[in-house]
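Asks: If it helps, the file is called query-v5.pdb and holds PDB, C-alpha atoms, pLDDT in the B column:
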ATOM      1  CA  MET A  17       5.139 -78.396 -57.226  1.00 76.00           C
ATOM      2  CA  LYS A  18       6.185 -76.139 -60.045  1.00 78.00           C
ATOM      3  CA  GLU A  19       7.072 -73.554 -57.541  1.00 83.00           C
ATOM      4  CA  LYS A  20       9.018 -76.041 -55.482  1.00 82.00           C
ATOM      5  CA  SER A  21      10.944 -77.239 -58.500  1.00 86.00           C
ATOM      6  CA  SER A  22      11.632 -73.677 -59.637  1.00 88.00           C
ATOM      7  CA  VAL A  23      12.906 -72.838 -56.114  1.00 88.00           C
ATOM      8  CA  GLN A  24      15.094 -75.922 -56.207  1.00 89.00           C
ATOM      9  CA  ALA A  25      16.351 -75.014 -59.705  1.00 90.00           C
ATOM     10  CA  ARG A  26      17.162 -71.520 -58.509  1.00 90.00           C
ATOM     11  CA  LYS A  27      19.007 -72.917 -55.460  1.00 91.00           C
ATOM     12  CA  ILE A  28      20.903 -75.313 -57.741  1.00 92.00           C
ATOM     13  CA  ARG A  29      21.908 -72.419 -60.033  1.00 93.00           C
ATOM     14  CA  GLU A  30      23.005 -70.366 -57.021  1.00 93.00           C
ATOM     15  CA  LEU A  31      24.978 -73.312 -55.672  1.00 94.00           C
ATOM     16  CA  GLU A  32      26.522 -73.932 -59.089  1.00 93.00           C
ATOM     17  CA  ALA A  33      27.442 -70.233 -59.366  1.00 94.00           C
ATOM     18  CA  ARG A  34      28.945 -70.278 -55.867  1.00 94.00           C
ATOM     19  CA  LEU A  35      30.740 -73.494 -56.673  1.00 94.00           C
ATOM     20  CA  ALA A  36      32.103 -72.037 -59.924  1.00 94.00           C
ATOM     21  CA  SER A  37      33.250 -68.949 -58.011  1.00 94.00           C
ATOM     22  CA  GLU A  38      34.908 -71.088 -55.335  1.00 95.00           C
ATOM     23  CA  LEU A  39      36.503 -73.260 -58.029  1.00 95.00           C
ATOM     24  CA  ALA A  40      37.891 -70.190 -59.846  1.00 95.00           C
ATOM     25  CA  LYS A  41      39.223 -68.851 -56.537  1.00 96.00           C
ATOM     26  CA  ALA A  42      40.823 -72.203 -55.714  1.00 96.00           C
ATOM     27  CA  LYS A  43      42.438 -72.361 -59.179  1.00 96.00           C
ATOM     28  CA  SER A  44      43.731 -68.822 -58.751  1.00 95.00           C
ATOM     29  CA  ASP A  45      45.135 -69.655 -55.317  1.00 96.00           C
ATOM     30  CA  ALA A  46      46.753 -72.812 -56.704  1.00 96.00           C
ATOM     31  CA  GLU A  47      48.363 -70.857 -59.571  1.00 96.00           C
ATOM     32  CA  LYS A  48      49.673 -68.252 -57.105  1.00 96.00           C
ATOM     33  CA  ALA A  49      51.023 -70.999 -54.862  1.00 96.00           C
ATOM     34  CA  LYS A  50      52.707 -72.694 -57.858  1.00 96.00           C
ATOM     35  CA  ALA A  51      54.222 -69.382 -58.972  1.00 96.00           C
ATOM     36  CA  ASN A  52      55.538 -68.777 -55.433  1.00 96.00           C
ATOM     37  CA  ALA A  53      56.932 -72.310 -55.238  1.00 96.00           C
ATOM     38  CA  ASP A  54      58.638 -71.890 -58.619  1.00 96.00           C
ATOM     39  CA  ALA A  55      60.140 -68.596 -57.445  1.00 95.00           C
ATOM     40  CA  PHE A  56      61.404 -70.241 -54.236  1.00 95.00           C
ATOM     41  CA  VAL A  57      62.887 -73.124 -56.218  1.00 96.00           C
ATOM     42  CA  ALA A  58      64.662 -70.686 -58.554  1.00 95.00           C
ATOM     43  CA  ILE A  59      66.029 -68.740 -55.588  1.00 95.00           C
ATOM     44  CA  TYR A  60      67.187 -71.910 -53.822  1.00 96.00           C
ATOM     45  CA  ARG A  61      68.864 -73.189 -56.986  1.00 96.00           C
ATOM     46  CA  ALA A  62      70.676 -69.879 -57.474  1.00 95.00           C
ATOM     47  CA  ASP A  63      71.716 -69.917 -53.813  1.00 95.00           C
ATOM     48  CA  ALA A  64      72.924 -73.509 -54.119  1.00 96.00           C
ATOM     49  CA  GLU A  65      74.989 -72.689 -57.207  1.00 96.00           C
ATOM     50  CA  ALA A  66      76.440 -69.623 -55.489  1.00 96.00           C
ATOM     51  CA  ALA A  67      77.265 -71.752 -52.437  1.00 96.00           C
ATOM     52  CA  GLN A  68      79.062 -74.285 -54.659  1.00 96.00           C
ATOM     53  CA  VAL A  69      81.099 -71.520 -56.291  1.00 96.00           C
ATOM     54  CA  GLN A  70      81.968 -70.100 -52.878  1.00 96.00           C
ATOM     55  CA  ALA A  71      82.934 -73.551 -51.625  1.00 96.00           C
ATOM     56  CA  ARG A  72      85.257 -74.075 -54.610  1.00 96.00           C
ATOM     57  CA  GLU A  73      86.810 -70.642 -54.111  1.00 97.00           C
ATOM     58  CA  ALA A  74      87.232 -71.310 -50.397  1.00 96.00           C
ATOM     59  CA  ALA A  75      88.930 -74.641 -51.138  1.00 96.00           C
ATOM     60  CA  GLU A  76      91.277 -72.993 -53.629  1.00 96.00           C
ATOM     61  CA  THR A  77      92.070 -70.239 -51.130  1.00 96.00           C
ATOM     62  CA  ALA A  78      92.712 -72.812 -48.412  1.00 96.00           C
ATOM     63  CA  ASN A  79      95.045 -74.767 -50.712  1.00 97.00           C
ATOM     64  CA  THR A  80      96.920 -71.597 -51.642  1.00 96.00           C
ATOM     65  CA  GLN A  81      97.222 -70.560 -48.013  1.00 97.00           C
ATOM     66  CA  ALA A  82      98.422 -74.024 -47.034  1.00 96.00           C
ATOM     67  CA  HIS A  83     101.050 -73.951 -49.803  1.00 97.00           C
ATOM     68  CA  TRP A  84     102.395 -70.563 -48.747  1.00 96.00           C
ATOM     69  CA  ALA A  85     102.273 -71.504 -45.065  1.00 97.00           C
ATOM     70  CA  ALA A  86     104.458 -74.524 -45.860  1.00 97.00           C
ATOM     71  CA  GLU A  87     106.821 -72.336 -47.899  1.00 97.00           C
ATOM     72  CA  LEU A  88     107.032 -69.834 -45.036  1.00 97.00           C
ATOM     73  CA  ALA A  89     107.763 -72.599 -42.536  1.00 96.00           C
ATOM     74  CA  LYS A  90     110.497 -73.972 -44.806  1.00 96.00           C
ATOM     75  CA  CYS A  91     112.112 -70.550 -45.234  1.00 95.00           C
ATOM     76  CA  GLN A  92     111.911 -69.864 -41.507  1.00 96.00           C
ATOM     77  CA  SER A  93     113.562 -73.200 -40.833  1.00 95.00           C
ATOM     78  CA  TRP A  94     116.360 -72.378 -43.258  1.00 92.00           C
ATOM     79  CA  ARG A  95     116.794 -68.965 -41.646  1.00 93.00           C
ATOM     80  CA  GLU A  96     116.928 -70.468 -38.152  1.00 93.00           C
ATOM     81  CA  THR A  97     119.485 -73.012 -39.327  1.00 90.00           C
ATOM     82  CA  LEU A  98     121.655 -70.309 -40.878  1.00 84.00           C
ATOM     83  CA  GLU A  99     121.332 -68.131 -37.768  1.00 87.00           C
ATOM     84  CA  GLU A 100     122.359 -71.092 -35.621  1.00 87.00           C
ATOM     85  CA  ILE A 101     125.365 -71.783 -37.853  1.00 83.00           C
ATOM     86  CA  HIS A 102     126.360 -68.122 -37.720  1.00 81.00           C
ATOM     87  CA  ALA A 103     125.854 -68.038 -33.920  1.00 84.00           C
ATOM     88  CA  ARG A 104     128.271 -70.944 -33.557  1.00 84.00           C
ATOM     89  CA  GLY A 105     130.925 -68.909 -35.334  1.00 80.00           C
ATOM     90  CA  PHE A 106     130.865 -70.585 -38.708  1.00 76.00           C
ATOM     91  CA  ASP A 107     131.146 -68.220 -41.648  1.00 74.00           C
ATOM     92  CA  LEU A 108     130.828 -70.088 -44.912  1.00 75.00           C
ATOM     93  CA  THR A 109     130.733 -66.929 -47.046  1.00 79.00           C
ATOM     94  CA  GLU A 110     134.347 -67.267 -48.205  1.00 82.00           C
ATOM     95  CA  GLN A 111     133.995 -70.996 -48.936  1.00 84.00           C
ATOM     96  CA  ILE A 112     130.841 -70.362 -50.963  1.00 85.00           C
ATOM     97  CA  LYS A 113     132.529 -67.526 -52.865  1.00 90.00           C
ATOM     98  CA  ARG A 114     135.574 -69.701 -53.578  1.00 93.00           C
ATOM     99  CA  ALA A 115     133.380 -72.620 -54.715  1.00 93.00           C
ATOM    100  CA  LYS A 116     131.577 -70.318 -57.128  1.00 94.00           C
ATOM    101  CA  GLU A 117     134.892 -69.066 -58.507  1.00 95.00           C
ATOM    102  CA  LEU A 118     136.169 -72.615 -58.955  1.00 96.00           C
ATOM    103  CA  LYS A 119     132.953 -73.588 -60.701  1.00 95.00           C
ATOM    104  CA  ALA A 120     133.232 -70.624 -63.058  1.00 95.00           C
ATOM    105  CA  ASP A 121     136.880 -71.534 -63.783  1.00 94.00           C
ATOM    106  CA  ALA A 122     135.929 -75.148 -64.479  1.00 94.00           C
ATOM    107  CA  GLU A 123     133.151 -74.055 -66.821  1.00 92.00           C
ATOM    108  CA  SER A 124     135.474 -71.724 -68.717  1.00 92.00           C
ATOM    109  CA  LEU A 125     138.090 -74.487 -69.021  1.00 91.00           C
ATOM    110  CA  ALA A 126     135.443 -76.886 -70.251  1.00 88.00           C
ATOM    111  CA  SER A 127     134.298 -74.399 -72.868  1.00 85.00           C
ATOM    112  CA  ASP A 128     137.952 -73.837 -73.906  1.00 79.00           C
ATOM    113  CA  ASP A 129     138.360 -77.604 -74.362  1.00 73.00           C
ATOM    114  CA  ASP A 130     135.264 -77.665 -76.537  1.00 70.00           C
ATOM    115  CA  ASP A 131     136.674 -74.870 -78.718  1.00 66.00           C
ATOM    116  CA  ASP A 132     139.945 -76.790 -79.328  1.00 61.00           C
ATOM    117  CA  ASP A 133     138.397 -79.769 -81.100  1.00 58.00           C
ATOM    118  CA  ASP A 134     140.861 -79.517 -84.040  1.00 53.00           C
ATOM    119  CA  GLY A 135     143.244 -81.940 -82.288  1.00 51.00           C
ATOM    120  CA  SER A 136     146.073 -79.524 -81.455  1.00 51.00           C
ATOM    121  CA  LYS A 137     146.948 -79.159 -77.800  1.00 50.00           C
ATOM    122  CA  SER A 138     148.158 -76.008 -76.122  1.00 49.00           C
ATOM    123  CA  GLY A 139     151.083 -76.139 -73.740  1.00 48.00           C
ATOM    124  CA  SER A 140     148.891 -76.211 -70.635  1.00 48.00           C
ATOM    125  CA  GLU A 141     146.809 -79.099 -71.993  1.00 49.00           C
ATOM    126  CA  SER A 142     149.848 -81.240 -72.711  1.00 48.00           C
ATOM    127  CA  GLY A 143     151.132 -80.762 -69.149  1.00 50.00           C
ATOM    128  CA  GLU A 144     153.741 -78.119 -70.029  1.00 48.00           C
ATOM    129  CA  GLU A 145     153.997 -74.623 -68.621  1.00 48.00           C
ATOM    130  CA  PRO A 146     154.231 -71.779 -71.135  1.00 49.00           C
ATOM    131  CA  ASP A 147     157.978 -71.490 -70.407  1.00 51.00           C
ATOM    132  CA  GLY A 148     158.478 -75.134 -71.335  1.00 48.00           C
ATOM    133  CA  GLU A 149     158.495 -76.782 -67.903  1.00 47.00           C
ATOM    134  CA  GLU A 150     156.342 -79.826 -67.300  1.00 47.00           C
ATOM    135  CA  THR A 151     154.016 -79.975 -64.305  1.00 46.00           C
ATOM    136  CA  ALA A 152     152.875 -83.009 -62.411  1.00 45.00           C
ATOM    137  CA  SER A 153     149.259 -83.780 -63.173  1.00 44.00           C
ATOM    138  CA  GLY A 154     148.493 -84.275 -59.465  1.00 44.00           C
ATOM    139  CA  ASP A 155     149.869 -80.884 -58.351  1.00 45.00           C
ATOM    140  CA  ASN A 156     147.362 -78.274 -57.286  1.00 45.00           C
ATOM    141  CA  GLN A 157     148.414 -74.980 -58.830  1.00 46.00           C
ATOM    142  CA  GLU A 158     145.772 -72.894 -57.031  1.00 45.00           C
ATOM    143  CA  THR A 159     145.904 -72.393 -53.270  1.00 40.00           C
TER
END
Can the structure from this file be put into structure tokens for me?
Replies:
Amino acid sequence: MKEKSSVQARKIRELEARLASELAKAKSDAEKAKANADAFVAIYRADAEAAQVQAREAAETANTQAHWAAELAKCQSWRETLEEIHARGFDLTEQIKRAKELKADAESLASDDDDDDDGSKSGSESGEEPDGEETASGDNQET
């Protein structure tokens, strides 16, 4: 009986040792698996953040391209319109040049009027020509 109990005690110790070994191995495997999972999570998070940045950059690029595509279409439309006007024989260059000259003259006259705020009028402002003749206010002196 002593021998039987000592054999059983030895078997129990062997089983406990094997169990402890298996438990240590299982813990080690679990720690490795957790470390791998943490590494995968870190990689996936970094990839997700990079994907978000790329998505924002792609959206900005798309918006910029759309803006410039619209600008190009507008400019092409203007060019086609001007080419069509020119093809029909209209040349507005002289009218545009004349309008710019008239605008510049009007601006210079307006600035001259601003400079003469002391109340005295020159001959041209009072309706008189420099040689003393009066002009009709409705007459167009430039042709």
Asks: Provide the atom CA of Ser21 of chain A to atom CA of Ser37 of chain A distance in Å, to one decimal place.
Replies: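 So the two atoms, atom CA of Ser21 of chain A and atom CA of Ser37 of chain A, lie 23.8 Å apart.
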Asks: Any idea what the distance is between atom CA of Glu38 of chain A and atom CA of Ala53 of chain A?
Replies: 22.1 Å
Asks: Could you tell me how far atom CA of Ala51 of chain A lies from atom CA of Ala66 of chain A, in Å and to one decimal?
Replies: 22.5 Å
Asks: With 6 Å added on each side, what axis-aligned box encloses every listed atom of segment 83-93 of chain A? Give the centre and edge lengths in Å to one decimal, as AutoDock Vina command-line options.
Replies:
--center_x 107.3 --center_y -72.2 --center_z -45.3 --size_x 24.5 --size_y 16.7 --size_z 21.0
